[in-house]
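Containing mmCIF, C-alpha atoms (C1' of nucleotides): final.cif.
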```
data_coords
#
loop_
_atom_site.label_atom_id
_atom_site.label_comp_id
_atom_site.auth_asym_id
_atom_site.auth_seq_id
_atom_site.Cartn_x
_atom_site.Cartn_y
_atom_site.Cartn_z
CA MET L 23 5.02 2.95 -15.83
CA HIS L 24 2.25 0.37 -16.19
CA PRO L 25 0.68 -1.21 -13.12
CA TYR L 26 2.31 -4.59 -13.44
CA GLU L 27 5.73 -2.96 -13.70
CA MET L 28 5.06 -1.00 -10.51
CA GLY L 29 4.32 -4.23 -8.74
CA LEU L 30 7.48 -5.84 -10.06
CA LEU L 31 9.62 -2.90 -9.01
CA LEU L 32 8.21 -2.94 -5.49
CA LYS L 33 8.95 -6.63 -5.34
CA GLN L 34 12.50 -6.33 -6.67
CA ARG L 35 13.35 -3.62 -4.17
CA HIS L 36 11.90 -5.69 -1.34
CA LYS L 37 9.31 -3.02 -0.63
CA GLU L 38 6.54 -5.58 -0.49
CA ASP L 39 7.96 -6.61 2.89
CA SER L 40 6.79 -3.26 4.20
CA ILE L 41 4.04 -2.15 1.82
CA LYS L 42 1.14 -4.56 1.54
CA LEU L 43 0.78 -5.40 -2.12
CA ARG L 44 -2.12 -7.36 -3.56
CA TYR L 45 -2.09 -7.74 -7.33
CA GLY L 46 -5.84 -7.64 -7.45
CA SER L 47 -5.99 -4.29 -5.67
CA LEU L 48 -3.28 -2.64 -7.74
CA TYR L 49 -5.57 -1.94 -10.67
CA THR L 50 -8.39 -0.62 -8.48
CA VAL L 51 -5.97 1.82 -6.87
CA ILE L 52 -4.66 3.02 -10.22
CA GLU L 53 -8.23 3.69 -11.32
CA LEU L 54 -8.80 5.74 -8.18
CA LEU L 55 -5.66 7.80 -8.72
CA LEU L 56 -6.78 8.35 -12.30
CA ALA L 57 -10.27 9.44 -11.26
CA ARG L 58 -8.81 11.94 -8.79
CA GLY L 59 -6.40 13.34 -11.37
CA PHE L 60 -3.21 12.26 -9.59
CA ILE L 61 -2.04 10.31 -12.64
CA VAL L 62 -2.86 10.33 -16.37
CA ALA L 63 -2.54 7.66 -19.04
CA ARG L 64 0.33 8.56 -21.36
CA GLU L 65 0.13 5.77 -23.92
CA THR L 66 -1.18 2.29 -24.44
CA SER L 67 0.81 -0.32 -26.29
CA ARG L 68 0.36 -3.96 -27.04
CA ASP L 69 2.87 -6.68 -27.71
CA GLY L 70 1.49 -9.34 -30.00
CA LYS L 71 -1.69 -10.71 -28.56
CA ARG L 72 -0.82 -10.10 -24.91
CA PRO L 73 -3.17 -7.90 -22.90
CA GLU L 74 -2.85 -4.22 -23.64
CA ARG L 75 -0.61 -2.20 -21.35
CA THR L 76 -1.41 1.32 -20.26
CA ILE L 77 1.47 3.54 -19.21
CA TYR L 78 0.60 6.09 -16.53
CA GLU L 79 2.42 9.19 -15.40
CA LEU L 80 2.25 11.39 -12.32
CA THR L 81 0.56 14.80 -12.68
CA PRO L 82 1.71 17.90 -10.78
CA SER L 83 -1.33 17.56 -8.55
CA GLY L 84 -0.33 13.94 -7.97
CA ARG L 85 3.16 15.01 -6.96
CA ASP L 86 1.67 17.48 -4.47
CA GLU L 87 -0.60 14.84 -3.04
CA LEU L 88 2.31 12.43 -2.69
CA HIS L 89 4.22 15.04 -0.76
CA ASP L 90 1.33 15.93 1.55
CA TRP L 91 0.53 12.30 2.17
CA MET L 92 4.13 11.48 3.05
CA ALA L 93 4.31 14.47 5.39
CA ASP L 94 1.19 13.21 7.11
CA LEU L 95 2.42 9.63 7.40
CA VAL L 96 5.76 10.68 8.86
CA GLY L 97 4.59 13.51 11.07
CA GLN L 98 1.35 12.15 12.54
CA PRO L 99 1.27 8.84 14.41
CA VAL L 100 -2.00 6.99 13.88
CA LYS L 101 -3.58 4.37 16.10
CA GLU L 102 -3.49 0.92 14.55
CA TYR L 103 -4.81 -2.41 15.75
CA PRO L 104 -2.25 -5.22 15.83
CA GLN L 105 -3.81 -8.63 16.30
CA PHE L 106 -1.64 -9.51 19.27
CA GLU L 107 -2.95 -6.48 21.16
CA ALA L 108 -6.51 -7.70 20.62
CA ALA L 109 -5.49 -11.18 21.76
CA LEU L 110 -3.98 -9.79 24.98
CA CYS L 111 -7.35 -8.15 25.66
CA LEU L 112 -8.87 -11.59 25.92
CA LEU L 113 -5.90 -13.41 27.42
CA PRO L 114 -7.86 -14.57 30.52
CA ILE L 115 -9.91 -16.74 28.16
CA LEU L 116 -6.98 -19.12 27.99
CA PRO L 117 -6.02 -21.09 31.09
CA PRO L 118 -2.77 -19.69 32.49
CA ASP L 119 -0.66 -22.74 31.78
CA GLU L 120 -1.69 -22.85 28.17
CA ALA L 121 -1.14 -19.11 27.83
CA LEU L 122 2.38 -19.56 29.17
CA ALA L 123 3.18 -22.31 26.70
CA LEU L 124 1.87 -20.22 23.80
CA LEU L 125 3.79 -17.13 24.89
CA ARG L 126 6.96 -19.19 25.02
CA GLN L 127 6.29 -20.39 21.52
CA ARG L 128 5.72 -16.83 20.32
CA LEU L 129 8.96 -15.73 21.92
CA ARG L 130 10.87 -18.47 20.10
CA LEU L 131 9.40 -17.51 16.73
CA LEU L 132 10.05 -13.82 17.34
CA GLU L 133 13.67 -14.53 18.15
CA GLN L 134 14.06 -16.48 14.95
CA SER L 135 12.56 -13.84 12.71
CA ALA L 136 14.47 -11.05 14.43
CA ALA L 137 17.70 -12.94 13.80
CA ALA L 138 16.73 -13.30 10.15
CA LEU L 139 16.02 -9.59 9.90
CA ALA L 140 19.29 -8.64 11.53
CA GLY L 141 21.10 -10.93 9.14
CA GLN L 142 19.41 -9.30 6.18
CA ILE L 143 20.42 -5.84 7.37
CA ALA L 144 23.99 -6.90 7.98
CA GLY L 145 24.19 -8.57 4.57
CA VAL L 146 22.99 -5.54 2.68
CA ALA L 147 25.11 -3.15 4.74
CA ALA L 148 28.16 -5.23 3.89
CA GLU L 149 27.55 -4.48 0.22
CA ASN L 150 27.91 -0.82 1.04
CA PHE L 151 24.34 0.02 0.20
CA PRO L 152 23.31 3.42 1.61
CA PRO L 153 21.45 2.90 4.92
CA LEU L 154 18.86 5.48 3.87
CA PHE L 155 17.19 2.73 1.86
CA LEU L 156 17.10 0.24 4.68
CA VAL L 157 15.52 2.35 7.35
CA GLU L 158 12.17 0.54 7.19
CA THR L 159 13.87 -2.75 7.95
CA GLU L 160 15.63 -1.26 10.95
CA TYR L 161 12.27 0.00 12.17
CA ARG L 162 10.70 -3.42 11.84
CA LEU L 163 13.59 -4.96 13.74
CA ALA L 164 13.30 -2.38 16.53
CA LEU L 165 9.60 -3.10 17.00
CA GLN L 166 10.16 -6.85 16.97
CA LYS L 167 12.82 -6.58 19.63
CA ALA L 168 10.47 -4.53 21.77
CA GLU L 169 7.75 -7.14 21.43
CA GLN L 170 10.27 -9.81 22.27
CA ALA L 171 11.26 -8.00 25.44
CA PHE L 172 7.63 -7.50 26.39
CA VAL L 173 6.68 -11.14 25.89
CA SER L 174 9.74 -12.34 27.72
CA ASP L 175 8.92 -10.06 30.63
CA LEU L 176 5.29 -11.14 30.60
CA ILE L 177 6.30 -14.80 30.80
CA GLN L 178 8.47 -14.12 33.80
CA ARG L 179 5.80 -12.15 35.54
CA ILE L 180 3.24 -14.91 35.04
CA GLU L 181 5.71 -17.49 36.31
CA ASN L 182 6.05 -15.38 39.44
CA GLY L 183 2.36 -15.54 40.22
CA TRP L 184 1.35 -12.31 38.52
CA GLY L 185 -2.20 -11.75 37.49
CA PRO L 186 -3.07 -12.70 40.19
CA LEU L 187 -2.62 -16.26 39.13
CA ASP L 188 -5.06 -17.84 41.59
CA LEU L 189 -7.84 -15.57 40.37
CA TRP L 190 -6.96 -16.48 36.78
CA ARG L 191 -7.06 -20.19 37.58
CA GLY L 192 -10.38 -19.63 39.31
CA LEU L 193 -11.92 -18.31 36.13
CA HIS L 194 -11.42 -21.71 34.55
CA GLN L 195 -12.76 -23.79 37.41
CA ASP L 196 -16.09 -22.44 38.59
CA ARG L 197 -18.86 -21.49 36.21
CA GLU L 198 -19.19 -18.41 34.10
CA GLY L 199 -19.95 -14.78 34.67
CA THR L 200 -16.90 -14.38 36.83
CA ILE L 201 -15.27 -11.79 34.64
CA ALA L 202 -18.38 -9.63 34.69
CA LYS L 203 -18.42 -9.85 38.47
CA LEU L 204 -14.81 -8.80 38.58
CA TYR L 205 -15.47 -5.71 36.56
CA GLN L 206 -18.38 -4.88 38.85
CA GLN L 207 -16.36 -5.45 41.98
CA TYR L 208 -13.68 -3.01 40.94
CA GLY L 209 -16.35 -0.43 40.25
CA GLY L 210 -14.70 2.37 38.34
CA GLY L 211 -12.03 -0.04 37.21
CA PRO L 212 -10.94 0.43 33.63
CA MET L 213 -14.41 1.21 32.40
CA SER L 214 -15.49 4.38 34.14
CA MET F 23 -26.28 -11.10 24.37
CA HIS F 24 -27.51 -8.98 21.48
CA PRO F 25 -25.05 -7.25 19.14
CA TYR F 26 -25.56 -3.75 20.43
CA GLU F 27 -24.92 -4.92 23.98
CA MET F 28 -21.66 -6.56 22.91
CA GLY F 29 -20.56 -3.25 21.46
CA LEU F 30 -21.47 -1.39 24.63
CA LEU F 31 -19.64 -3.87 26.81
CA LEU F 32 -16.48 -3.60 24.74
CA LYS F 33 -16.72 0.14 25.01
CA GLN F 34 -17.31 0.18 28.75
CA ARG F 35 -14.34 -2.07 29.37
CA HIS F 36 -12.15 0.11 27.16
CA LYS F 37 -11.56 -2.78 24.80
CA GLU F 38 -12.31 -0.64 21.79
CA ASP F 39 -8.90 0.97 22.37
CA SER F 40 -7.36 -2.33 21.34
CA ILE F 41 -10.03 -4.08 19.27
CA LYS F 42 -11.19 -2.14 16.25
CA LEU F 43 -14.93 -1.81 16.58
CA ARG F 44 -17.17 -0.46 13.83
CA TYR F 45 -20.88 -0.52 14.58
CA GLY F 46 -21.68 -1.10 10.94
CA SER F 47 -19.50 -4.22 10.83
CA LEU F 48 -20.78 -5.74 14.04
CA TYR F 49 -23.96 -7.11 12.50
CA THR F 50 -22.15 -8.50 9.47
CA VAL F 51 -19.79 -10.39 11.75
CA ILE F 52 -22.62 -11.79 13.82
CA GLU F 53 -24.27 -13.07 10.66
CA LEU F 54 -21.03 -14.78 9.69
CA LEU F 55 -20.67 -16.44 13.08
CA LEU F 56 -24.27 -17.57 12.77
CA ALA F 57 -23.75 -18.98 9.27
CA ARG F 58 -20.72 -20.97 10.47
CA GLY F 59 -22.56 -22.31 13.49
CA PHE F 60 -20.41 -20.61 16.12
CA ILE F 61 -23.42 -18.90 17.65
CA VAL F 62 -27.19 -19.49 17.61
CA ALA F 63 -30.14 -17.16 18.18
CA ARG F 64 -31.72 -17.95 21.53
CA GLU F 65 -34.63 -15.55 21.54
CA THR F 66 -35.91 -12.41 19.95
CA SER F 67 -37.73 -9.83 21.97
CA ARG F 68 -39.14 -6.42 21.27
CA ASP F 69 -39.74 -3.51 23.53
CA GLY F 70 -42.64 -1.41 22.33
CA LYS F 71 -41.97 -0.32 18.79
CA ARG F 72 -38.19 -0.32 19.04
CA PRO F 73 -36.32 -2.50 16.58
CA GLU F 74 -36.42 -6.16 17.44
CA ARG F 75 -33.47 -7.51 19.42
CA THR F 76 -32.02 -10.93 18.81
CA ILE F 77 -30.14 -12.58 21.65
CA TYR F 78 -27.33 -14.88 20.55
CA GLU F 79 -25.45 -17.52 22.42
CA LEU F 80 -22.17 -19.35 21.88
CA THR F 81 -22.36 -22.96 20.69
CA PRO F 82 -19.87 -25.65 21.77
CA SER F 83 -18.30 -25.47 18.33
CA GLY F 84 -18.07 -21.69 18.79
CA ARG F 85 -16.28 -22.14 22.09
CA ASP F 86 -13.80 -24.47 20.42
CA GLU F 87 -13.20 -22.03 17.63
CA LEU F 88 -12.67 -19.21 20.13
CA HIS F 89 -10.07 -21.29 21.89
CA ASP F 90 -8.24 -22.28 18.72
CA TRP F 91 -8.30 -18.76 17.41
CA MET F 92 -6.89 -17.35 20.65
CA ALA F 93 -4.15 -19.98 20.68
CA ASP F 94 -3.25 -18.99 17.15
CA LEU F 95 -3.23 -15.26 17.88
CA VAL F 96 -1.05 -15.65 20.96
CA GLY F 97 1.29 -18.34 19.70
CA GLN F 98 1.92 -17.29 16.11
CA PRO F 99 3.25 -13.83 15.27
CA VAL F 100 1.85 -12.51 11.98
CA LYS F 101 3.35 -9.92 9.70
CA GLU F 102 1.37 -6.68 9.72
CA TYR F 103 1.84 -3.45 7.81
CA PRO F 104 1.99 -0.32 9.96
CA GLN F 105 1.68 2.88 7.95
CA PHE F 106 4.86 4.37 9.34
CA GLU F 107 6.87 1.43 8.04
CA ALA F 108 5.51 2.06 4.56
CA ALA F 109 6.33 5.74 4.89
CA LEU F 110 9.93 4.95 5.87
CA CYS F 111 10.20 2.94 2.65
CA LEU F 112 9.70 6.14 0.71
CA LEU F 113 11.46 8.51 3.09
CA PRO F 114 13.94 9.73 0.43
CA ILE F 115 10.97 11.30 -1.36
CA LEU F 116 11.02 14.05 1.27
CA PRO F 117 13.95 16.46 1.35
CA PRO F 118 16.09 15.69 4.39
CA ASP F 119 15.38 18.92 6.24
CA GLU F 120 11.65 18.47 5.95
CA ALA F 121 11.95 14.84 6.98
CA LEU F 122 13.84 15.94 10.07
CA ALA F 123 11.20 18.46 11.04
CA LEU F 124 8.43 15.90 10.60
CA LEU F 125 10.28 13.26 12.59
CA ARG F 126 10.71 15.76 15.42
CA GLN F 127 7.00 16.44 15.34
CA ARG F 128 6.23 12.73 15.45
CA LEU F 129 8.54 12.28 18.38
CA ARG F 130 6.74 15.04 20.29
CA LEU F 131 3.33 13.51 19.66
CA LEU F 132 4.56 10.04 20.59
CA GLU F 133 5.91 11.35 23.87
CA GLN F 134 2.59 12.95 24.66
CA SER F 135 0.50 9.88 23.97
CA ALA F 136 2.92 7.61 25.81
CA ALA F 137 2.63 9.84 28.86
CA ALA F 138 -1.15 9.64 28.62
CA LEU F 139 -0.99 5.84 28.40
CA ALA F 140 1.33 5.57 31.37
CA GLY F 141 -1.00 7.79 33.35
CA GLN F 142 -3.95 5.60 32.48
CA ILE F 143 -2.11 2.48 33.63
CA ALA F 144 -1.04 4.09 36.87
CA GLY F 145 -4.55 5.35 37.52
CA VAL F 146 -6.18 1.97 37.09
CA ALA F 147 -3.45 0.19 39.01
CA ALA F 148 -4.03 2.56 41.91
CA GLU F 149 -7.60 1.29 42.13
CA ASN F 150 -6.20 -2.15 42.76
CA PHE F 151 -7.53 -3.58 39.54
CA PRO F 152 -5.86 -6.92 38.67
CA PRO F 153 -3.06 -6.28 36.14
CA LEU F 154 -4.18 -9.30 34.12
CA PHE F 155 -6.85 -7.08 32.59
CA LEU F 156 -4.46 -4.31 31.65
CA VAL F 157 -1.87 -6.28 29.81
CA GLU F 158 -2.90 -4.99 26.39
CA THR F 159 -2.31 -1.42 27.50
CA GLU F 160 1.14 -2.29 28.76
CA TYR F 161 1.89 -3.85 25.40
CA ARG F 162 0.78 -0.74 23.57
CA LEU F 163 2.96 1.40 25.81
CA ALA F 164 5.97 -0.85 25.25
CA LEU F 165 5.64 -0.60 21.47
CA GLN F 166 5.18 3.16 21.60
CA LYS F 167 8.31 3.59 23.67
CA ALA F 168 10.23 1.48 21.20
CA GLU F 169 9.04 3.61 18.31
CA GLN F 170 9.95 6.70 20.28
CA ALA F 171 13.47 5.43 20.81
CA PHE F 172 13.78 4.52 17.15
CA VAL F 173 12.62 7.91 15.91
CA SER F 174 14.80 9.73 18.37
CA ASP F 175 17.80 7.71 17.25
CA LEU F 176 16.95 8.25 13.59
CA ILE F 177 16.81 12.01 14.11
CA GLN F 178 20.23 12.00 15.69
CA ARG F 179 21.71 9.88 12.98
CA ILE F 180 20.37 12.17 10.27
CA GLU F 181 21.70 15.19 12.10
CA ASN F 182 25.10 13.54 12.04
CA GLY F 183 25.15 13.23 8.28
CA TRP F 184 23.74 9.73 8.02
CA GLY F 185 22.17 8.55 4.84
CA PRO F 186 24.50 9.66 3.35
CA LEU F 187 23.06 13.13 3.58
CA ASP F 188 24.79 14.60 0.52
CA LEU F 189 23.39 11.84 -1.67
CA TRP F 190 19.94 12.43 -0.18
CA ARG F 191 20.18 16.17 -0.89
CA GLY F 192 21.33 15.35 -4.40
CA LEU F 193 18.13 13.44 -5.10
CA HIS F 194 16.22 16.69 -4.68
CA GLN F 195 18.45 18.84 -6.83
CA ASP F 196 19.20 17.17 -10.15
CA ARG F 197 16.52 15.54 -12.26
CA GLU F 198 14.83 12.23 -11.80
CA GLY F 199 15.77 8.63 -12.23
CA THR F 200 18.47 8.93 -9.64
CA ILE F 201 17.00 6.37 -7.30
CA ALA F 202 16.77 3.80 -10.06
CA LYS F 203 20.44 4.40 -10.91
CA LEU F 204 21.33 3.94 -7.29
CA TYR F 205 19.68 0.58 -7.13
CA GLN F 206 21.50 -0.41 -10.32
CA GLN F 207 24.84 0.84 -9.07
CA TYR F 208 24.69 -1.24 -5.93
CA GLY F 209 23.95 -4.27 -8.08
CA GLY F 210 22.78 -6.98 -5.73
CA GLY F 211 21.71 -4.38 -3.26
CA PRO F 212 18.52 -5.15 -1.39
CA MET F 213 16.79 -6.55 -4.46
CA SER F 214 18.78 -9.60 -5.56
"C1'" DC I 10 11.36 -30.02 -30.59
"C1'" DG I 11 7.47 -30.93 -27.55
"C1'" DG I 12 5.69 -29.96 -23.36
"C1'" DC I 13 5.40 -27.91 -18.97
"C1'" DA I 14 6.60 -24.50 -15.56
"C1'" DT I 15 7.05 -19.67 -15.18
"C1'" DA I 16 6.43 -14.79 -16.50
"C1'" DT I 17 3.44 -11.15 -18.49
"C1'" DA I 18 -0.66 -8.23 -17.74
"C1'" DT I 19 -5.16 -7.57 -16.61
"C1'" DT I 20 -10.27 -8.48 -15.49
"C1'" DC I 21 -14.00 -9.97 -12.69
"C1'" DG I 22 -17.07 -11.46 -9.09
"C1'" DT I 23 -17.60 -11.94 -4.60
"C1'" DA I 24 -16.44 -10.93 0.26
"C1'" DT I 25 -15.83 -7.47 3.43
"C1'" DC I 26 -16.12 -3.06 5.50
"C1'" DC I 27 -18.15 0.85 7.19
"C1'" DG I 28 -20.47 5.55 7.29
"C1'" DA I 29 -24.87 7.24 7.30
"C1'" DA I 30 -29.61 6.74 7.75
"C1'" DT I 31 -33.57 5.25 10.33
"C1'" DA I 32 -36.71 5.40 14.06
"C1'" DA I 33 -38.45 4.81 18.50
"C1'" DA I 34 -37.77 5.74 23.59
"C1'" DC I 35 -35.88 8.22 27.33
"C1'" DG I 36 -34.35 12.07 30.23
"C1'" DG I 37 -34.12 16.57 31.62
"C1'" DC I 38 -35.31 21.26 31.35
"C1'" DT I 39 -38.34 25.17 31.21
"C1'" DA Z 10 -46.71 19.35 28.91
"C1'" DG Z 11 -43.75 19.91 25.13
"C1'" DC Z 12 -39.29 20.24 23.01
"C1'" DC Z 13 -34.65 18.66 22.14
"C1'" DG Z 14 -30.58 16.09 22.70
"C1'" DT Z 15 -28.95 11.45 23.74
"C1'" DT Z 16 -29.40 6.47 23.93
"C1'" DT Z 17 -31.13 2.24 22.05
"C1'" DA Z 18 -30.79 -1.02 18.12
"C1'" DT Z 19 -30.50 -2.14 13.51
"C1'" DT Z 20 -30.47 -1.75 8.27
"C1'" DC Z 21 -28.65 -0.45 3.91
"C1'" DG Z 22 -25.97 0.83 0.02
"C1'" DG Z 23 -21.91 2.15 -1.74
"C1'" DA Z 24 -16.78 1.73 -1.36
"C1'" DT Z 25 -12.88 -1.29 -0.94
"C1'" DA Z 26 -10.20 -5.37 -1.12
"C1'" DC Z 27 -8.70 -9.39 -3.05
"C1'" DG Z 28 -8.51 -14.39 -4.72
"C1'" DA Z 29 -9.00 -16.71 -8.78
"C1'" DA Z 30 -9.44 -16.87 -13.54
"C1'" DT Z 31 -7.87 -15.66 -18.15
"C1'" DA Z 32 -4.90 -15.87 -22.05
"C1'" DT Z 33 -0.60 -15.35 -24.30
"C1'" DA Z 34 4.53 -15.60 -24.49
"C1'" DT Z 35 8.89 -17.31 -23.01
"C1'" DG Z 36 12.49 -20.35 -21.28
"C1'" DC Z 37 14.39 -24.65 -20.55
"C1'" DC Z 38 15.00 -29.54 -19.81
"C1'" DG Z 39 15.33 -33.93 -21.57
#
```

Can the structure in the file be given as structure tokens, please?
Amino acid sequence: MHPYEMGLLLKQRHKEDSIKLRYGSLYTVIELLLARGFIVARETSRDGKRPERTIYELTPSGRDELHDWMADLVGQPVKEYPQFEAALCLLPILPPDEALALLRQRLRLLEQSAAALAGQIAGVAAENFPPLFLVETEYRLALQKAEQAFVSDLIQRIENGWGPLDLWRGLHQDREGTIAKLYQQYGGGPMS
Amino acid sequence: MHPYEMGLLLKQRHKEDSIKLRYGSLYTVIELLLARGFIVARETSRDGKRPERTIYELTPSGRDELHDWMADLVGQPVKEYPQFEAALCLLPILPPDEALALLRQRLRLLEQSAAALAGQIAGVAAENFPPLFLVETEYRLALQKAEQAFVSDLIQRIENGWGPLDLWRGLHQDREGTIAKLYQQYGGGPMS
DNA sequence: CGGCATATATTCGTATCCGAATAAACGGCT
DNA sequence: AGCCGTTTATTCGGATACGAATATATGCCG
């Protein structure tokens, strides 16, 4: 297959929803695979005056690597850094009322996209397509629902004075340095 | 604050668990913030013959940007690309029995790290530290539990012949091209 | 049948990222 | 007092990522 065709195929099979695909990077990656001997060029052809295409093919060592990589990805969870987690780290930066409004907005958007996902799954399932090839979408949906539940719970807790709310409000009224003091006050706290 | 101190502070407050921090990148980022006017250098000092330290400070425009950025991060969910989701895309590459074994291993590791997280939360909560500053850890735990539930469910489904299993086994017995045929057979399928 | 949007396929330059190197000061141990 | 491991603080160069540009072919609408 030539690189462009790989990209097309991923797109047609909706894999780009789950595998980040940047056309610019595609060719760099191919070159890397080539340099490490995981693929070899089988032939180059050209159609009229269009750019030349190079067809690549997997080597046995490439097949091994694919297998080992997959085993690693499936068997070993790795820590990743979702943006929302980072934002929650700094949540006290926002005044509580604004935070609440934004969380409500997030919840609304999550509900919408979860509904869309569920619809997509149902649609494809109705065509009798084997579920084996949809499992990544089910995973995405499961995580979204979990986030939804978390945000919804967080909203309720804040509404009920969680935080504690008065302390949080305080951070936005008097002058700075308050957070540092807090961390000092609770000595060990989460830093020890 | 000078860059190194920012790094230390993030580390002491356990924020590096949630905010990816690479010492090499820190200085690049600071330079960017400087170039865009979000921070300014307030003073440079030097202690003996140690490298010179530059103390930076937030500008009003930087404070605005911080606020807008936070509002965006909290209010707008963004699509991200966890590695496990990509792996699930290609799950049929592994023979079903191996996939099962690997999923069981993942489940075990997830259970362990979730227990560790829960312990950490309980420990800090016991010291009476305001929950406002732990919210990112609770989020992480919630997502982990959801993944756990998903994997556990997936294992059970596979054990019960889901997939369908015979088709999946078939992919690893006869020669190649079978997946492509499958996608053709189910016409519209997930690609149309 | 002319023109304009879209598809085919890749290259390139810059932006970003990050591990490793540097180099002085400090602390503790014998 | 001298040695060694850790902490302080930053720089640098190579690896990676990616948006935008390129240049031709094709389809289709009026």

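Our summary of the geometry notes that atom CA of Ala164 of chain F is positioned 28.5 Å from atom CA of Pro118 of chain F.
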
Picked residues, the PyMOL selection byres ((chain L and resi 126-129) around 7), expected as a ChimeraX atom specification: /L:122-125,130-133,170,173-174 /F:96-99

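Computed from the coordinates, the atom CA of Gly185 of chain L to atom CA of Leu154 of chain F distance equals 4.6 Å.
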
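The space between atom CA of Glu79 of chain F and atom CA of Glu158 of chain F spans 26.1 Å.
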
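When the distance limit is 12 Å and only C-alpha atoms (C1' of nucleotides) are what count, the residues near DA30 of chain I, minus those fewer than 5 positions from it on the same chain, are F:Gly46, Z:DT19, Z:DT20, Z:DC21, Z:DG22.
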
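Take the candidates F:Leu189, F:Ile61, F:Val51, F:Leu56 and check each one against chain L using only C-alpha atoms; the shortest distance goes to F:Leu189.
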
7 Å contacts from chain L to chain F using all atoms listed in the file, as an MDAnalysis selection string: chainID L and resid 34:37 40:42 92:93 95:99 103 105:111 124:125 127:128 146 149 151:154 157:158 161 164:165 168:169 172 185:186 208 211:213

Reference answer for the PyMOL selection byres ((chain I and resi 10) around 12), as a ChimeraX atom specification: /I:11-12 /Z:37-39

Selection result of the PyMOL selection byres ((chain F) within 9 of (chain I)) on this file, as a list in words: Arg44, Tyr45, Gly46, Ser47, Thr50, Gly70, Lys71, Arg72 and Pro73 of chain F

Can I get the residues of chain F within 9 Å of chain Z, each with the closest pair of atoms and their distance in Å to one decimal, using all atoms listed in the file, sorted chain first then ascending number, as JSON lines?
```
{"residue": "F:Pro25", "atom": "CA", "partner": "Z:DA18", "partner_atom": "C1'", "distance": 8.5}
{"residue": "F:Tyr26", "atom": "CA", "partner": "Z:DA18", "partner_atom": "C1'", "distance": 6.3}
{"residue": "F:Tyr49", "atom": "CA", "partner": "Z:DT19", "partner_atom": "C1'", "distance": 8.3}
{"residue": "F:Arg72", "atom": "CA", "partner": "Z:DA18", "partner_atom": "C1'", "distance": 7.5}
{"residue": "F:Pro73", "atom": "CA", "partner": "Z:DA18", "partner_atom": "C1'", "distance": 5.9}
{"residue": "F:Glu74", "atom": "CA", "partner": "Z:DA18", "partner_atom": "C1'", "distance": 7.7}
{"residue": "F:Arg75", "atom": "CA", "partner": "Z:DA18", "partner_atom": "C1'", "distance": 7.1}
```

For those residues, write C-alpha atoms to a file as an mmCIF file, in the coordinates of the input.
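Result file result-v8.cif:
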```cif
data_model
loop_
_atom_site.group_PDB
_atom_site.id
_atom_site.type_symbol
_atom_site.label_atom_id
_atom_site.label_comp_id
_atom_site.auth_asym_id
_atom_site.auth_seq_id
_atom_site.Cartn_x
_atom_site.Cartn_y
_atom_site.Cartn_z
ATOM 1 C CA PRO F 25 -25.050 -7.250 19.140
ATOM 2 C CA TYR F 26 -25.560 -3.750 20.430
ATOM 3 C CA TYR F 49 -23.960 -7.110 12.500
ATOM 4 C CA ARG F 72 -38.190 -0.320 19.040
ATOM 5 C CA PRO F 73 -36.320 -2.500 16.580
ATOM 6 C CA GLU F 74 -36.420 -6.160 17.440
ATOM 7 C CA ARG F 75 -33.470 -7.510 19.420
#
```

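Counting all atoms listed in the file, the residue from L:Lys203, L:Arg191, L:Arg179, L:His24 that sits nearest to Glu65 of chain L is L:His24.
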